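What follows is the content of upload08.cif (mmCIF, C-alpha atoms and all ligand atoms).
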data_input
#
loop_
_atom_site.label_atom_id
_atom_site.label_comp_id
_atom_site.auth_asym_id
_atom_site.auth_seq_id
_atom_site.Cartn_x
_atom_site.Cartn_y
_atom_site.Cartn_z
CA MET A 1 33.64 72.34 91.28
CA LYS A 2 31.58 70.73 93.99
CA PHE A 3 30.62 72.60 97.15
CA ASP A 4 29.29 70.75 100.19
CA MET A 5 27.61 72.90 102.84
CA LEU A 6 27.25 71.44 106.35
CA THR A 7 24.59 73.31 108.32
CA ILE A 8 21.81 73.02 110.87
CA PHE A 9 19.75 75.35 108.61
CA PRO A 10 19.70 73.63 105.19
CA ASP A 11 16.83 75.83 103.96
CA PHE A 12 19.09 78.84 104.35
CA PHE A 13 20.71 77.98 101.00
CA ARG A 14 17.40 78.10 99.11
CA GLY A 15 17.83 81.47 97.46
CA PRO A 16 21.23 83.09 97.78
CA LEU A 17 22.90 80.80 95.23
CA ASP A 18 19.97 80.62 92.80
CA TYR A 19 20.57 83.89 90.93
CA GLY A 20 22.77 85.42 88.28
CA ILE A 21 26.23 84.09 87.57
CA VAL A 22 26.10 81.34 90.22
CA ARG A 23 22.76 80.11 88.94
CA ARG A 24 24.07 79.97 85.36
CA ALA A 25 27.25 78.19 86.47
CA ARG A 26 25.09 75.58 88.25
CA GLU A 27 22.81 75.17 85.25
CA ALA A 28 25.83 74.77 82.97
CA GLY A 29 27.11 72.00 85.27
CA LEU A 30 30.28 73.95 86.14
CA VAL A 31 29.30 73.96 89.80
CA THR A 32 27.25 71.68 92.02
CA ILE A 33 26.16 72.64 95.51
CA GLU A 34 25.02 69.98 97.95
CA VAL A 35 23.58 70.98 101.32
CA HIS A 36 23.85 68.57 104.25
CA ASP A 37 21.62 68.82 107.32
CA LEU A 38 23.78 68.20 110.40
CA ARG A 39 20.68 67.14 112.34
CA ALA A 40 20.48 64.06 110.12
CA PHE A 41 23.72 62.95 111.82
CA ALA A 42 22.41 63.31 115.38
CA HIS A 43 21.28 60.00 116.83
CA ASP A 44 19.12 60.86 119.86
CA ARG A 45 15.34 61.41 119.71
CA HIS A 46 15.74 65.17 119.93
CA ARG A 47 18.35 65.27 117.16
CA THR A 48 20.67 67.22 119.42
CA VAL A 49 23.54 69.01 117.64
CA ASP A 50 24.65 71.34 120.47
CA ASP A 51 25.65 71.11 124.11
CA ARG A 52 26.87 73.23 127.03
CA PRO A 53 30.50 74.36 127.09
CA PHE A 54 32.99 72.53 129.31
CA GLY A 55 34.37 75.00 131.85
CA GLY A 56 31.09 76.92 131.92
CA GLY A 57 30.11 80.12 130.20
CA GLU A 58 27.40 81.59 128.01
CA GLY A 59 25.65 79.86 125.16
CA MET A 60 25.87 76.48 123.48
CA VAL A 61 28.55 74.78 121.38
CA LEU A 62 28.08 72.67 118.22
CA LYS A 63 28.94 69.06 119.07
CA PRO A 64 31.74 67.36 117.13
CA GLU A 65 30.08 63.99 116.37
CA PRO A 66 27.49 65.09 113.76
CA ILE A 67 30.13 67.14 111.92
CA PHE A 68 32.73 64.34 111.87
CA GLU A 69 30.11 61.77 110.84
CA CYS A 70 28.73 63.96 108.07
CA ILE A 71 32.24 64.53 106.65
CA GLU A 72 32.88 60.77 106.77
CA THR A 73 29.89 60.17 104.45
CA LEU A 74 31.30 62.62 101.88
CA GLN A 75 34.30 60.44 100.98
CA VAL A 76 36.76 63.30 100.92
CA ALA A 77 40.51 62.58 100.93
CA ALA A 78 42.37 62.23 104.23
CA ARG A 79 43.22 65.52 105.95
CA ALA A 80 46.98 65.09 105.46
CA GLU A 81 46.51 64.49 101.74
CA ARG A 82 44.19 67.50 101.43
CA MET A 83 46.59 69.75 103.26
CA ALA A 84 49.53 68.57 101.15
CA GLY A 85 47.52 69.86 98.17
CA GLY A 86 47.40 66.60 96.24
CA ALA A 87 43.68 65.96 96.60
CA GLY A 88 42.32 69.14 95.03
CA GLN A 89 39.99 69.34 98.01
CA ALA A 90 39.57 71.58 101.03
CA VAL A 91 37.48 71.26 104.19
CA ILE A 92 36.90 74.69 105.69
CA LEU A 93 35.33 75.74 108.98
CA LEU A 94 33.55 79.10 108.80
CA SER A 95 34.01 80.94 112.09
CA ALA A 96 34.56 84.39 113.50
CA GLN A 97 38.00 83.18 114.68
CA GLY A 98 39.21 82.32 111.19
CA ARG A 99 41.73 83.92 108.85
CA ARG A 100 39.98 86.58 106.75
CA PHE A 101 38.63 85.48 103.36
CA ASP A 102 39.95 87.49 100.42
CA GLN A 103 40.18 87.40 96.61
CA GLU A 104 43.50 85.56 96.73
CA LEU A 105 42.01 82.68 98.72
CA ALA A 106 38.97 82.68 96.41
CA GLY A 107 41.40 82.14 93.53
CA GLU A 108 43.14 79.26 95.31
CA LEU A 109 39.82 77.56 96.06
CA ALA A 110 38.59 78.03 92.47
CA ALA A 111 41.41 75.73 91.33
CA LEU A 112 40.14 72.86 93.52
CA GLU A 113 37.67 70.11 92.61
CA ARG A 114 35.85 70.11 95.90
CA VAL A 115 35.30 72.58 98.73
CA VAL A 116 33.50 71.51 101.91
CA LEU A 117 32.17 74.39 104.02
CA ILE A 118 31.24 73.72 107.66
CA CYS A 119 28.90 76.41 109.00
CA GLY A 120 29.28 77.17 112.69
CA ARG A 121 26.35 78.30 114.84
CA TYR A 122 25.64 79.15 118.49
CA GLU A 123 28.54 80.43 120.57
CA GLY A 124 30.97 78.28 118.60
CA VAL A 125 32.03 74.87 117.30
CA ASP A 126 33.86 72.22 119.35
CA GLU A 127 37.54 73.04 118.76
CA ARG A 128 38.35 69.46 117.69
CA VAL A 129 36.64 70.25 114.37
CA SER A 130 39.15 73.04 113.68
CA GLU A 131 42.13 71.10 115.05
CA HIS A 132 41.58 67.66 113.55
CA LEU A 133 38.90 67.78 110.83
CA ALA A 134 39.05 71.08 108.93
CA ASP A 135 42.09 72.15 106.90
CA ARG A 136 41.50 75.84 107.60
CA GLU A 137 39.29 78.17 109.60
CA ILE A 138 37.96 81.17 107.68
CA SER A 139 36.05 84.35 108.61
CA ILE A 140 34.50 86.63 106.00
CA GLY A 141 35.19 89.87 107.84
CA ASP A 142 35.51 91.71 111.13
CA TYR A 143 31.89 91.80 112.28
CA VAL A 144 29.75 89.41 114.28
CA LEU A 145 27.36 87.17 112.34
CA SER A 146 24.89 84.68 113.79
CA GLY A 147 26.52 81.73 112.06
CA GLY A 148 28.61 80.56 109.14
CA GLU A 149 25.85 80.16 106.53
CA LEU A 150 26.11 83.68 105.11
CA GLY A 151 29.88 83.28 105.02
CA ALA A 152 29.61 80.00 103.12
CA ALA A 153 27.26 81.61 100.58
CA VAL A 154 29.66 84.56 100.19
CA MET A 155 32.60 82.20 99.61
CA ALA A 156 30.68 80.03 97.13
CA ASP A 157 29.71 83.14 95.13
CA ALA A 158 33.22 84.62 95.07
CA VAL A 159 34.82 81.27 94.14
CA THR A 160 32.24 80.37 91.47
CA ARG A 161 32.90 83.61 89.55
CA LEU A 162 36.54 82.53 89.17
CA ILE A 163 35.78 79.12 87.67
CA PRO A 164 36.68 79.17 83.96
CA GLY A 165 33.50 79.59 81.90
CA ALA A 166 31.37 80.89 84.79
CA LEU A 167 31.39 84.48 83.57
CA GLY A 168 29.74 85.36 80.26
CA ASN A 169 31.93 86.18 77.27
CA GLU A 170 31.80 89.92 77.82
CA ALA A 171 32.67 89.79 81.51
CA SER A 172 35.40 87.18 81.08
CA ALA A 173 37.01 89.25 78.32
CA ARG A 174 37.06 92.23 80.69
CA GLN A 175 38.55 90.13 83.46
CA GLU A 176 41.24 88.86 81.07
CA SER A 177 42.26 92.32 79.97
CA PHE A 178 42.45 93.39 83.61
CA THR A 179 44.55 90.39 84.57
CA ALA A 180 46.94 91.01 81.69
CA ARG A 181 47.32 94.67 82.60
CA ALA A 182 47.63 94.05 86.32
CA GLU A 183 50.31 91.46 85.71
CA ALA A 184 52.19 93.69 83.31
CA GLU A 185 52.29 96.40 85.98
CA ALA A 186 52.64 94.38 89.15
CA GLY A 187 53.96 91.04 88.07
CA PRO A 188 51.96 87.84 88.38
CA GLY A 189 50.31 87.38 91.72
CA PRO A 190 47.12 87.72 93.69
CA ASP A 191 44.15 89.09 91.85
CA SER A 192 42.50 92.18 93.28
CA THR A 193 38.92 93.04 94.06
CA CYS A 194 38.49 95.39 91.17
CA ALA A 195 38.97 96.10 87.53
CA SER A 196 41.62 98.82 87.69
CA GLY A 197 44.74 97.21 89.04
CA GLY A 198 44.19 97.14 92.82
CA LEU A 199 42.19 100.37 93.02
CA LEU A 200 38.47 100.58 93.61
CA ASP A 201 36.47 100.65 90.41
CA TYR A 202 35.78 104.00 88.70
CA PRO A 203 32.21 105.46 88.76
CA HIS A 204 29.75 104.23 86.13
CA TYR A 205 26.93 106.16 84.44
CA THR A 206 24.23 105.30 81.94
CA ARG A 207 21.35 107.16 80.27
CA PRO A 208 19.75 109.59 80.78
CA ALA A 209 22.63 112.09 80.43
CA GLU A 210 20.73 114.36 82.80
CA PHE A 211 18.50 112.95 85.56
CA ARG A 212 16.60 115.30 87.94
CA GLY A 213 19.21 117.97 87.40
CA MET A 214 22.11 115.56 87.98
CA ALA A 215 24.34 115.53 84.92
CA VAL A 216 26.72 112.79 83.78
CA PRO A 217 30.33 114.09 83.76
CA GLU A 218 30.81 115.88 80.43
CA VAL A 219 34.00 114.01 79.56
CA LEU A 220 32.16 110.66 79.40
CA VAL A 221 29.91 111.88 76.58
CA SER A 222 32.76 113.66 74.76
CA GLY A 223 33.98 110.62 72.82
CA ASN A 224 37.59 111.50 73.69
CA HIS A 225 38.82 108.10 74.80
CA ASP A 226 42.17 109.23 76.14
CA GLN A 227 40.45 111.85 78.32
CA ILE A 228 37.87 109.26 79.41
CA ARG A 229 40.64 106.85 80.41
CA ARG A 230 42.40 109.58 82.45
CA TRP A 231 39.12 110.66 84.09
CA ARG A 232 38.37 107.09 85.12
CA ARG A 233 41.85 106.57 86.55
CA ARG A 234 41.66 109.85 88.50
CA SER A 235 38.15 109.01 89.80
CA ALA A 236 39.30 105.53 90.86
CA LEU A 237 42.27 107.08 92.68
CA GLU A 238 40.00 109.66 94.40
CA LYS A 239 37.48 107.05 95.48
CA THR A 240 40.20 104.71 96.74
CA LEU A 241 41.86 107.52 98.70
CA ARG A 242 38.52 108.41 100.30
CA ASN A 243 37.07 104.94 100.97
CA ARG A 244 40.05 102.55 101.10
CA PRO A 245 43.33 104.43 101.66
CA ASP A 246 44.86 101.11 102.83
CA LEU A 247 44.69 99.81 99.25
CA LEU A 248 46.90 102.59 97.91
CA GLU A 249 49.90 101.24 99.83
CA ARG A 250 49.83 98.01 97.80
CA VAL A 251 49.07 99.41 94.34
CA PRO A 252 51.79 100.11 91.79
CA LEU A 253 51.33 103.75 90.74
CA ASN A 254 52.80 105.22 87.58
CA ARG A 255 54.02 108.79 87.25
CA GLU A 256 50.66 110.01 85.96
CA ASP A 257 48.95 108.44 89.01
CA GLU A 258 51.41 110.09 91.38
CA GLU A 259 50.71 113.47 89.75
CA LEU A 260 46.94 112.95 89.94
CA LEU A 261 47.15 111.89 93.60
CA ALA A 262 49.36 114.84 94.47
CA ARG A 263 46.80 117.15 92.89
CA ILE A 264 43.92 115.43 94.74
CA THR A 265 45.65 115.63 98.11
CA GLY A 266 46.95 119.12 97.39
CA LYS A 267 50.55 118.07 97.96
CA GLU A 268 53.65 118.94 95.91
CA ILE A 269 55.52 116.06 94.28
C1 LIG A 301 31.31 86.36 122.79
C2 LIG A 301 31.89 86.25 121.46
N1 LIG A 301 30.94 85.74 120.48
C3 LIG A 301 30.22 86.88 119.86
C4 LIG A 301 28.92 87.16 120.44
C5 LIG A 301 31.79 85.06 119.48
C6 LIG A 301 31.05 84.59 118.30
C7 LIG A 301 30.48 83.34 118.28
C8 LIG A 301 29.80 82.89 117.15
C9 LIG A 301 30.96 85.38 117.16
C10 LIG A 301 30.28 84.93 116.03
C11 LIG A 301 29.71 83.68 116.03
C12 LIG A 301 29.02 83.20 114.81
N2 LIG A 301 29.73 83.62 113.61
C13 LIG A 301 30.17 82.75 112.70
O1 LIG A 301 29.95 81.57 112.83
C14 LIG A 301 30.92 83.24 111.56
C15 LIG A 301 31.41 84.54 111.23
C16 LIG A 301 31.32 85.80 111.89
O2 LIG A 301 30.71 85.98 112.96
N3 LIG A 301 31.93 86.87 111.32
C17 LIG A 301 32.60 86.79 110.13
N4 LIG A 301 32.71 85.64 109.48
C18 LIG A 301 32.11 84.54 110.03
S1 LIG A 301 32.13 83.02 109.34
C19 LIG A 301 31.27 82.34 110.56
#

As structure tokens, what does this structure read like?
Amino acid sequence: MKFDMLTIFPDFFRGPLDYGIVRRAREAGLVTIEVHDLRAFAHDRHRTVDDRPFGGGEGMVLKPEPIFECIETLQVAARAERMAGGAGQAVILLSAQGRRFDQELAGELAALERVVLICGRYEGVDERVSEHLADREISIGDYVLSGGELGAAVMADAVTRLIPGALGNEASARQESFTARAEAEAGPGPDSTCASGGLLDYPHYTRPAEFRGMAVPEVLVSGNHDQIRRWRRRSALEKTLRNRPDLLERVPLNREDEELLARITGKEI
């Protein structure tokens, strides 16, 4: 997989993609990340990449020319070919107005050969980039950032993890067993954010068994693996109900889950 990042802050990407799984994937040659400075594609003495908005209003807008010219040097397939899916490439504009990034889209992008990420800045990007150059416009969540660079780093991280071979043996084995189980329960389809079939992950503990008076749940040190499995499922259900009740509407629950949830919420079933 090759990522191309288009940005007015190329130094931003020194750091966030140099650690852990992404670093190893880069070192193994599974992933290459090339950062392109949009200012190198501005032709005036001041290397201007922004301008005032037509129609008036606050702030500045990223000009289209440097972005179009930069993309033209990358030799990506034509937009129509990319959007038809034949090229194995995507050109994506990161903006607050985009469709929300999620694990399903990460999976789609992980199957491509090349992903170009255009990082917006200022008050916005000239709309012709979204309409005529990029295939899609993506946001990473419902909060205001100062630009697209953090979003591009987030996307590159999430996508890289899904490239075959990027996770170590242990982690990939875990992922496989999750995928198999999730598909057995829910049918093939979008992956979820977590390791327990669409629920939030269960709580984890390690040594010491007691730390400053805080004990690890007894069941986890009992060695009773059926009880441990049930405790983890119940804890995942509790945590999901508390922190992400929206997820419960999309998760296939078995009878044991329904009973556990009924007990947690104090309802009869
Ligand atoms: C007056 C409205 N503006 C907010 C002060 C709109 C606005 C312009 C530019 C909001 C954000 C930005 C810069 N953000 C991004 O480029 C961005 C982003 C985001 O803000 N949230 C989530 N994902 C992304 S991806 C790129």

Hey, which of A:Phe101, A:Tyr205, A:Tyr19, A:Phe3 ends up closest to ligand LIG 301 (chain A)? Count all atoms listed in the file. A:Phe101

Proximity to ligand LIG 301 (chain A) - best of A:Leu94, A:Val221, A:Ala106, A:Leu247, all atoms listed in the file: A:Leu94

Counting only C-alpha atoms and all ligand atoms, the option among A:Glu218, A:Asp246, A:Glu137, A:Asp201 closest to ligand LIG 301 (chain A): A:Glu137

One number please: CA of Ala156 (chain A) to CA of Leu248 (chain A), in Å, one decimal. 27.8 Å

Go through A:Ser130, A:Gln97, A:Thr265, A:Thr32 one by one, measure the shortest atom-to-atom distance of each to Pro245 (chain A) using all atoms listed in the file, and give the residue with the smallest value.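 Nearest to Pro245 (chain A): A:Thr265.
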
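Within the 12 Å cut-off around region 165-169 of chain A, using only C-alpha atoms and omitting residues fewer than 3 positions from it on the same chain, the listed residues are Met1, Gly20, Ile21, Val22, Arg23, Arg24, Ala25, Arg26, Glu27, Ala28, Gly29, Leu30, Val31, Ala110, Asp157, Ala158, Val159, Thr160, Arg161, Leu162, Ser172, Ala173, Arg174, Gln175 and Glu176 of chain A.
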
Measure the distance from CA of Arg136 (chain A) to CA of Val91 (chain A) in Å and round it to one decimal. 7.0 Å

Test item: residues lying within 8 Å of ligand LIG 301 (chain A) with only C-alpha atoms and all ligand atoms, as a list in words: Leu93, Leu94, Ser95, Ala96, Gln97, Gly98, Arg100, Cys119, Gly120, Arg121, Tyr122, Glu123, Gly124, Ile138, Ser139, Ile140, Gly141, Asp142, Tyr143, Val144, Leu145, Ser146, Gly147, Gly148, Glu149, Leu150, Gly151 and Ala152 of chain A

Within 12 Å of Ser235 (chain A) using all atoms listed in the file, minus same-chain residues under 4 positions, as a VMD selection string: chain A and resid 196 199 to 204 217 228 to 231 239 to 243 257 260 to 261 264

Each side padded by 5 Å, which centre and which edge lengths in Å (one decimal) define the axis-aligned box around the listed atoms of region 150-163 of chain A? Give them as AutoDock Vina command-line options.
--center_x 31.3 --center_y 81.9 --center_z 96.4 --size_x 20.4 --size_y 15.5 --size_z 27.4

At what distance in Å, to one decimal, does CA of Val35 (chain A) lie from CA of Pro53 (chain A)?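 Atom-to-atom, CA of Pro53 (chain A) and CA of Val35 (chain A) are spaced 26.9 Å apart.
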
Of the listed residues A:Asp51, A:Asp4, A:Asp102, A:Asp135, that which approaches Val154 (chain A) most closely, counting only C-alpha atoms: A:Asp102

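In this comparison, which uses all atoms listed in the file, the residue of A:Ala87, A:Leu112, A:Val125, A:Leu105 approaching Met155 (chain A) most closely is A:Leu105.
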
At a cut-off of 12 Å, using all atoms listed in the file, what residues contact Gln75 (chain A)? Leave out same-chain residues fewer than 4 positions from it and give the result as a PDB file with C-alpha atoms, in the coordinates of the input.
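Full text of selection23.pdb as output:
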ATOM      1  CA  ASP A   4      29.290  70.750 100.190  1.00  0.00           C
ATOM      2  CA  PHE A  68      32.730  64.340 111.870  1.00  0.00           C
ATOM      3  CA  GLU A  69      30.110  61.770 110.840  1.00  0.00           C
ATOM      4  CA  CYS A  70      28.730  63.960 108.070  1.00  0.00           C
ATOM      5  CA  ILE A  71      32.240  64.530 106.650  1.00  0.00           C
ATOM      6  CA  ARG A  79      43.220  65.520 105.950  1.00  0.00           C
ATOM      7  CA  ALA A  87      43.680  65.960  96.600  1.00  0.00           C
ATOM      8  CA  GLN A  89      39.990  69.340  98.010  1.00  0.00           C
ATOM      9  CA  VAL A  91      37.480  71.260 104.190  1.00  0.00           C
ATOM     10  CA  ARG A 114      35.850  70.110  95.900  1.00  0.00           C
ATOM     11  CA  VAL A 116      33.500  71.510 101.910  1.00  0.00           C
TER      12      VAL A 116
END

Determine, counting all atoms listed in the file, which protein, DNA and RNA residues have an atom within 10 Å of an atom of Glu127 (chain A); residues of the same chain fewer than 2 positions away are not included. Present the result as a list in words.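 Those residues are Val61, Leu62, Lys63, Pro64, Gly124, Val125, Val129, Ser130, Glu131, His132 and Leu133 of chain A.
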